[in-house]
Structures are given as structure tokens and as C-alpha cells.
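All remarks here apply to the structure that follows.
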Amino acid sequence: MMRYTLSITIALVLFWLMNSGMFTPIILMLGVVSVALVVFIARRMDVVDYESVPFHLAFRLPRYYGWLMKEIVLSNIKVVKHIVLGKAYISPSMATIKICAKTDMGKVILANSITLTPGTVAIELEDDEITVHALLHEDLEALKAGEMDRRVCQLEKS
Amino acid sequence: MDMFMEILSGIFLLTGALLILAGGIGLIRFPDFYTRMHATGVTDTLASTMIIIGMMLLNPGALAIMKLVIILLLILLTSPTAGHALAKAAFRSGLKPISNNKSQQESKSSKR
């Protein structure tokens, strides 16, 4: 609990400094007061926990994001190509896929990553199954092969 | 150097603009709701990233770049959430995707 409070305080202070960029005493004091108020309210609402402050992921997320960025660029190029080719070449399909991500955090990261890559949208997420709609059948097959699922699984394993 | 940065940022901005145009064209060309959503995905992800990178290159201040990074993260975190909410709402209210892979093959064979 204490370390989550501490890390959310650091994050909020950095966010304040980033957004204000002014270092006169009065402004800094206002910043301190508002950060303290937000932390106090967040603690009272009982939302300061491993979900709102996921710093156990902080060291592994950059690598995953790098891989995800590459995937996003590749699938963007693919979708733009099919926009130019027209609707005779697309094969919209839908399927329910079993996933290995266990925690809520992992499931949300996986579903968001699927929706973020153009060409695939996560429609339903229940227990350990996810319903995906894809613009191209081959994208669906790639998801079934489970590269993304495997990476998210690795991410949440601590 | 300034000239170089301006040209580079121009290239990024132009790429972003073309990608948004492609997303818009896809929105019109694709046949049903779900496939149209895939077209808007291009606008949400790569196009906005390109435009924000272009703006970063134009701006020398570290603070402005930080703010642009925050805007980019916000777009990348919220747009899939909104997209998922849209798709789920459509699916729950009974809108069926037009064709799965099987009927696609059938329509292809009937064309021949």
C-alpha cells in the first residue's frame, strides 16, 4: 500500500511539472497542494493498488510496446493496401479464441492490443475466451497461433 | 539544420494526412459496420502517431515534446477502448458481420 502511494505521488509530481513548466514558489505550492489532495482522495476511494499503479510491469512494458509498435505499423500498411484494393479482396471473419492471460490486467492489455492493431477488433471478453472480428482471415489465423497471447502471458508473469 | 527538420516534419505530417485520407476512403468503401471500424483503426493509430511525431520535430522545447507524448499515449490508450465499446454494443444489439470466411469462398466460387 505504502509503495503504491509513493509511486503514484512521484508520477503525479512529474506530471504536474511536465504540464506547468513554471517554477515560481506560489505555483509550486499550488502543485504540492493539488497532488496531496489527489493522493488523499485516491486513497479514500481505495483505488491505489496494483491495478492503478502497475509498476511491477514498468520494466517489461517498454519491450512489449516496441514489439506492439512494429505490429501496428505492419498491420496499418496491410489495411491501407486493402483499402486501395477494395472490398473484393477482404475476407471478414469472426472467431472465439482461447487466451492464456490470467489476470485482469493481462486480459485488458491483450484485448486493447488486439483492438489497437488495425484489422482486428476484440468484441467480447469472457473468462478465458475472447471473440475477435478480423478484416482478413489470415490476421485471425495469426492471432490463433498466439504470438501476442504468449507475449502478454510473459509480461504478467512476475 | 532548421531547414532539414522542417522538411522531415513535413514528410511526417504529409504521411499522416495521407493515412487519414486512406482511413476516410476505407470508411466509404468497406461494406459493413465491422469492416468500416477496421478502416478507422488506421486513422486512430499510425496516422495520429505520424502527425504528432511531425509536430515534435517542429518544436524544440522539451516541455512541448513531453505534452505531445502524453497526448499520443492518451490517444493510443483511449481509442481501442472506444472501438471495443462500439463493436461490443453493435454485436450485443444483434448486428451480424456480413460474411464469414465460408460465405466469402462461396461468393467467390459463385462469381466464377
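Going through the C-alpha cells in order, the chains are called A, B, and so on, while each chain numbers its residues from 1 and the ligands are numbered from 1 in the order shown.
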Mind dumping a table of every chain A residue within 9 Å of chain B, with the nearest atom pair and its distance in Å to one decimal, using only C-alpha atoms, sorted by chain and rising number, as CSV?
```
residue,atom,partner,partner_atom,distance
A:Met18,CA,B:Leu63,CA,6.1
A:Asn19,CA,B:Lys67,CA,6.9
A:Ser20,CA,B:Leu63,CA,8.7
A:Gly21,CA,B:Leu63,CA,6.9
A:Ile72,CA,B:Leu46,CA,7.4
A:Val73,CA,B:Leu46,CA,6.6
A:Ser75,CA,B:Val42,CA,8.9
A:Asn76,CA,B:Val42,CA,5.8
A:Ile77,CA,B:Val42,CA,8.8
A:Val79,CA,B:Ala39,CA,7.1
A:Val80,CA,B:Ala22,CA,6.5
A:His82,CA,B:Gly26,CA,8.6
A:Ile83,CA,B:Gly26,CA,5.1
A:Val84,CA,B:Gly26,CA,7.9
A:Gly86,CA,B:Arg29,CA,6.8
A:Lys87,CA,B:Phe30,CA,5.9
A:Ala88,CA,B:Lys108,CA,8.9
A:Ile90,CA,B:Gln104,CA,8.8
A:Ser91,CA,B:Asn101,CA,5.9
A:Pro92,CA,B:Asn100,CA,5.7
A:Ser93,CA,B:Asn100,CA,4.3
A:Met94,CA,B:Asn100,CA,6.5
A:Ala111,CA,B:His84,CA,8.5
A:Asn112,CA,B:Pro80,CA,5.6
A:Ser113,CA,B:Pro80,CA,7.8
A:Ile114,CA,B:Pro80,CA,8.4
A:Thr115,CA,B:Pro80,CA,5.2
A:Leu116,CA,B:Pro80,CA,5.3
A:Thr117,CA,B:Gly41,CA,7.3
A:Pro118,CA,B:Gly41,CA,4.8
A:Gly119,CA,B:His38,CA,4.9
A:Thr120,CA,B:His38,CA,6.8
A:Val121,CA,B:His84,CA,6.8
A:Ala122,CA,B:His84,CA,6.2
A:Ile123,CA,B:Lys88,CA,5.0
A:Glu124,CA,B:Lys88,CA,6.4
A:His133,CA,B:Tyr34,CA,7.5
A:Ala134,CA,B:Thr35,CA,7.9
A:Leu135,CA,B:Thr35,CA,5.9
A:Leu136,CA,B:Asn101,CA,8.9
A:His137,CA,B:Asn101,CA,6.8
```
Which of chain A DSSP labels strand (DSSP E or B), written as a short mmCIF file (atom, residue, chain, number, x, y, z; two decimals) with N, CA and C atoms, in the first residue's frame:
```
data_model
loop_
_atom_site.label_atom_id
_atom_site.label_comp_id
_atom_site.auth_asym_id
_atom_site.auth_seq_id
_atom_site.Cartn_x
_atom_site.Cartn_y
_atom_site.Cartn_z
N SER A 93 -13.98 -12.05 -40.99
CA SER A 93 -14.35 -13.27 -40.29
C SER A 93 -14.28 -13.05 -38.79
N MET A 94 -14.94 -13.95 -38.07
CA MET A 94 -15.05 -13.79 -36.64
C MET A 94 -14.79 -15.13 -35.98
N ALA A 95 -14.13 -15.11 -34.83
CA ALA A 95 -13.87 -16.37 -34.14
C ALA A 95 -13.68 -16.12 -32.65
N THR A 96 -13.88 -17.18 -31.87
CA THR A 96 -13.61 -17.10 -30.44
C THR A 96 -12.31 -17.84 -30.16
N ILE A 97 -11.41 -17.15 -29.47
CA ILE A 97 -10.07 -17.70 -29.26
C ILE A 97 -9.82 -17.87 -27.77
N LYS A 98 -9.19 -18.98 -27.43
CA LYS A 98 -8.80 -19.19 -26.02
C LYS A 98 -7.53 -18.41 -25.73
N THR A 120 -8.02 -5.95 -36.70
CA THR A 120 -8.63 -6.87 -35.74
C THR A 120 -9.27 -6.06 -34.61
N VAL A 121 -10.48 -6.48 -34.20
CA VAL A 121 -11.17 -5.81 -33.11
C VAL A 121 -11.65 -6.86 -32.12
N ALA A 122 -11.36 -6.66 -30.84
CA ALA A 122 -11.87 -7.55 -29.80
C ALA A 122 -13.30 -7.15 -29.50
N ILE A 123 -14.23 -8.09 -29.65
CA ILE A 123 -15.64 -7.75 -29.45
C ILE A 123 -16.11 -8.16 -28.05
N GLU A 124 -15.75 -9.37 -27.64
CA GLU A 124 -16.25 -9.85 -26.35
C GLU A 124 -15.10 -10.50 -25.60
N LEU A 125 -15.09 -10.29 -24.28
CA LEU A 125 -14.03 -10.90 -23.46
C LEU A 125 -14.67 -11.56 -22.26
N GLU A 126 -14.66 -12.89 -22.25
CA GLU A 126 -15.29 -13.60 -21.14
C GLU A 126 -14.36 -14.67 -20.62
N GLU A 129 -11.84 -16.61 -22.78
CA GLU A 129 -12.11 -16.63 -24.21
C GLU A 129 -12.34 -15.22 -24.72
N ILE A 130 -11.85 -14.98 -25.93
CA ILE A 130 -12.01 -13.64 -26.49
C ILE A 130 -12.57 -13.77 -27.90
N THR A 131 -13.61 -12.97 -28.20
CA THR A 131 -14.22 -13.01 -29.53
C THR A 131 -13.63 -11.87 -30.36
N VAL A 132 -13.08 -12.24 -31.52
CA VAL A 132 -12.36 -11.26 -32.34
C VAL A 132 -12.98 -11.20 -33.73
N HIS A 133 -13.14 -9.98 -34.23
CA HIS A 133 -13.55 -9.81 -35.62
C HIS A 133 -12.35 -9.29 -36.40
N ALA A 134 -12.08 -9.91 -37.55
CA ALA A 134 -10.90 -9.52 -38.31
C ALA A 134 -11.28 -9.16 -39.73
#
```
query = Hey, what's within 9 Å of region 57-69 of chain A if we count only C-alpha atoms and toss same-chain stuff fewer than 2 positions away? As a list in words, please?
reply =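 In the requested form, the answer reads Pro54, Phe55, Glu71, Ile72, Val73, Leu74, Ser113, Thr117, Met148, Arg151, Val152, Leu155, Glu156 and Ser158 of chain A.
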task = Please indicate the distance in Å from CA of Leu143 (chain A) to CA of Ala101 (chain A), rounded to one decimal place.
result =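 Separating CA of Leu143 (chain A) from CA of Ala101 (chain A) is a distance of 13.7 Å.
Considering only C-alpha atoms, the residue among A:Val47, A:Met105, A:Val38, A:Leu17 positioned nearest to Tyr4 (chain A) is A:Val47.
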Contact residues around Met55 (chain B) with only C-alpha atoms at 12 Å, ignoring same-chain residues under 2 positions, as an mmCIF file with N, CA and C atoms, in the first residue's frame:
```cif
data_model
loop_
_atom_site.group_PDB
_atom_site.id
_atom_site.type_symbol
_atom_site.label_atom_id
_atom_site.label_comp_id
_atom_site.auth_asym_id
_atom_site.auth_seq_id
_atom_site.Cartn_x
_atom_site.Cartn_y
_atom_site.Cartn_z
ATOM 1 N N MET B 5 15.044 19.867 -40.483
ATOM 2 C CA MET B 5 13.985 19.468 -39.555
ATOM 3 C C MET B 5 12.612 19.786 -40.134
ATOM 4 N N GLU B 6 12.507 20.948 -40.786
ATOM 5 C CA GLU B 6 11.204 21.330 -41.320
ATOM 6 C C GLU B 6 10.760 20.386 -42.427
ATOM 7 N N ILE B 7 11.723 20.015 -43.281
ATOM 8 C CA ILE B 7 11.377 19.090 -44.365
ATOM 9 C C ILE B 7 10.973 17.731 -43.792
ATOM 10 N N LEU B 8 11.759 17.254 -42.781
ATOM 11 C CA LEU B 8 11.474 15.960 -42.163
ATOM 12 C C LEU B 8 10.083 15.958 -41.541
ATOM 13 N N SER B 9 9.789 17.053 -40.806
ATOM 14 C CA SER B 9 8.479 17.108 -40.159
ATOM 15 C C SER B 9 7.376 17.205 -41.201
ATOM 16 N N GLY B 10 7.675 17.902 -42.311
ATOM 17 C CA GLY B 10 6.700 17.967 -43.395
ATOM 18 C C GLY B 10 6.385 16.600 -43.956
ATOM 19 N N ILE B 11 7.431 15.773 -44.099
ATOM 20 C CA ILE B 11 7.221 14.417 -44.607
ATOM 21 C C ILE B 11 6.306 13.625 -43.672
ATOM 22 N N PHE B 12 6.597 13.723 -42.348
ATOM 23 C CA PHE B 12 5.760 13.012 -41.377
ATOM 24 C C PHE B 12 4.321 13.493 -41.423
ATOM 25 N N LEU B 13 4.140 14.830 -41.452
ATOM 26 C CA LEU B 13 2.778 15.384 -41.460
ATOM 27 C C LEU B 13 2.026 14.957 -42.711
ATOM 28 N N LEU B 14 2.742 14.950 -43.840
ATOM 29 C CA LEU B 14 2.097 14.568 -45.099
ATOM 30 C C LEU B 14 1.683 13.098 -45.063
ATOM 31 N N GLY B 16 0.984 11.374 -42.421
ATOM 32 C CA GLY B 16 -0.176 11.275 -41.539
ATOM 33 C C GLY B 16 -1.446 11.698 -42.243
ATOM 34 N N SER B 48 -2.327 9.304 -36.449
ATOM 35 C CA SER B 48 -2.150 10.279 -35.361
ATOM 36 C C SER B 48 -0.711 10.254 -34.845
ATOM 37 N N THR B 49 -0.098 9.055 -34.815
ATOM 38 C CA THR B 49 1.306 8.972 -34.396
ATOM 39 C C THR B 49 2.195 9.784 -35.325
ATOM 40 N N MET B 50 1.988 9.619 -36.638
ATOM 41 C CA MET B 50 2.793 10.342 -37.623
ATOM 42 C C MET B 50 2.652 11.857 -37.451
ATOM 43 N N ILE B 51 1.413 12.320 -37.279
ATOM 44 C CA ILE B 51 1.183 13.761 -37.164
ATOM 45 C C ILE B 51 1.829 14.308 -35.898
ATOM 46 N N ILE B 52 1.731 13.536 -34.801
ATOM 47 C CA ILE B 52 2.321 14.025 -33.551
ATOM 48 C C ILE B 52 3.849 14.010 -33.633
ATOM 49 N N ILE B 53 4.431 12.987 -34.302
ATOM 50 C CA ILE B 53 5.889 12.996 -34.487
ATOM 51 C C ILE B 53 6.297 14.213 -35.319
ATOM 52 N N LEU B 57 8.948 17.288 -34.164
ATOM 53 C CA LEU B 57 10.151 17.705 -34.877
ATOM 54 C C LEU B 57 10.172 19.214 -35.088
ATOM 55 N N LEU B 58 8.989 19.822 -35.214
ATOM 56 C CA LEU B 58 8.927 21.267 -35.408
ATOM 57 C C LEU B 58 9.245 22.023 -34.137
ATOM 58 N N ASN B 59 9.041 21.353 -32.967
ATOM 59 C CA ASN B 59 9.115 22.079 -31.704
ATOM 60 C C ASN B 59 10.377 21.740 -30.926
ATOM 61 N N PRO B 60 11.205 22.740 -30.607
ATOM 62 C CA PRO B 60 12.454 22.470 -29.908
ATOM 63 C C PRO B 60 12.303 22.259 -28.406
ATOM 64 N N GLY B 61 11.256 22.795 -27.779
ATOM 65 C CA GLY B 61 11.143 22.748 -26.331
ATOM 66 C C GLY B 61 10.857 21.359 -25.796
ATOM 67 N N ALA B 64 7.127 20.954 -24.477
ATOM 68 C CA ALA B 64 6.104 20.740 -25.501
ATOM 69 C C ALA B 64 6.151 19.301 -25.999
ATOM 70 N N ILE B 65 7.377 18.749 -26.133
ATOM 71 C CA ILE B 65 7.501 17.370 -26.602
ATOM 72 C C ILE B 65 6.887 16.405 -25.587
ATOM 73 N N MET B 66 7.140 16.672 -24.292
ATOM 74 C CA MET B 66 6.533 15.842 -23.247
ATOM 75 C C MET B 66 5.016 15.847 -23.356
ATOM 76 N N LYS B 67 4.458 17.048 -23.566
ATOM 77 C CA LYS B 67 2.999 17.150 -23.662
ATOM 78 C C LYS B 67 2.479 16.387 -24.870
ATOM 79 N N LEU B 68 3.230 16.463 -25.977
ATOM 80 C CA LEU B 68 2.799 15.731 -27.172
ATOM 81 C C LEU B 68 2.854 14.221 -26.920
ATOM 82 N N VAL B 69 3.885 13.772 -26.159
ATOM 83 C CA VAL B 69 3.959 12.343 -25.823
ATOM 84 C C VAL B 69 2.747 11.932 -25.007
ATOM 85 N N ILE B 71 -0.205 13.346 -25.060
ATOM 86 C CA ILE B 71 -1.375 13.313 -25.957
ATOM 87 C C ILE B 71 -1.389 12.015 -26.752
ATOM 88 N N LEU B 72 -0.203 11.625 -27.251
ATOM 89 C CA LEU B 72 -0.118 10.397 -28.048
ATOM 90 C C LEU B 72 -0.519 9.180 -27.211
#
```
key: Length of the CA of Phe4 (chain B) to CA of Leu74 (chain B) vector [Å]   =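 Straight-line distance from CA of Phe4 (chain B) to CA of Leu74 (chain B) works out to 29.1 Å.
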inquiry  = List as a ChimeraX atom specification the protein and nucleic acid residues near Cys100 (chain A), meaning an atom at most 8 Å away when only C-alpha atoms are counted, but skip any in the same chain fewer than 2 places from it.
reply    = /A:98,102,128,149-150,153
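Atom pair CA of Val13 (chain A) / CA of Val35 (chain A) has a distance of 6.7 Å (rounded to one decimal).
With only C-alpha atoms as the atoms that count, the minimum distance from Leu95 (chain B) to the choices B:Met1, B:Phe33, B:Gly54, B:Leu73 is reached by B:Phe33.
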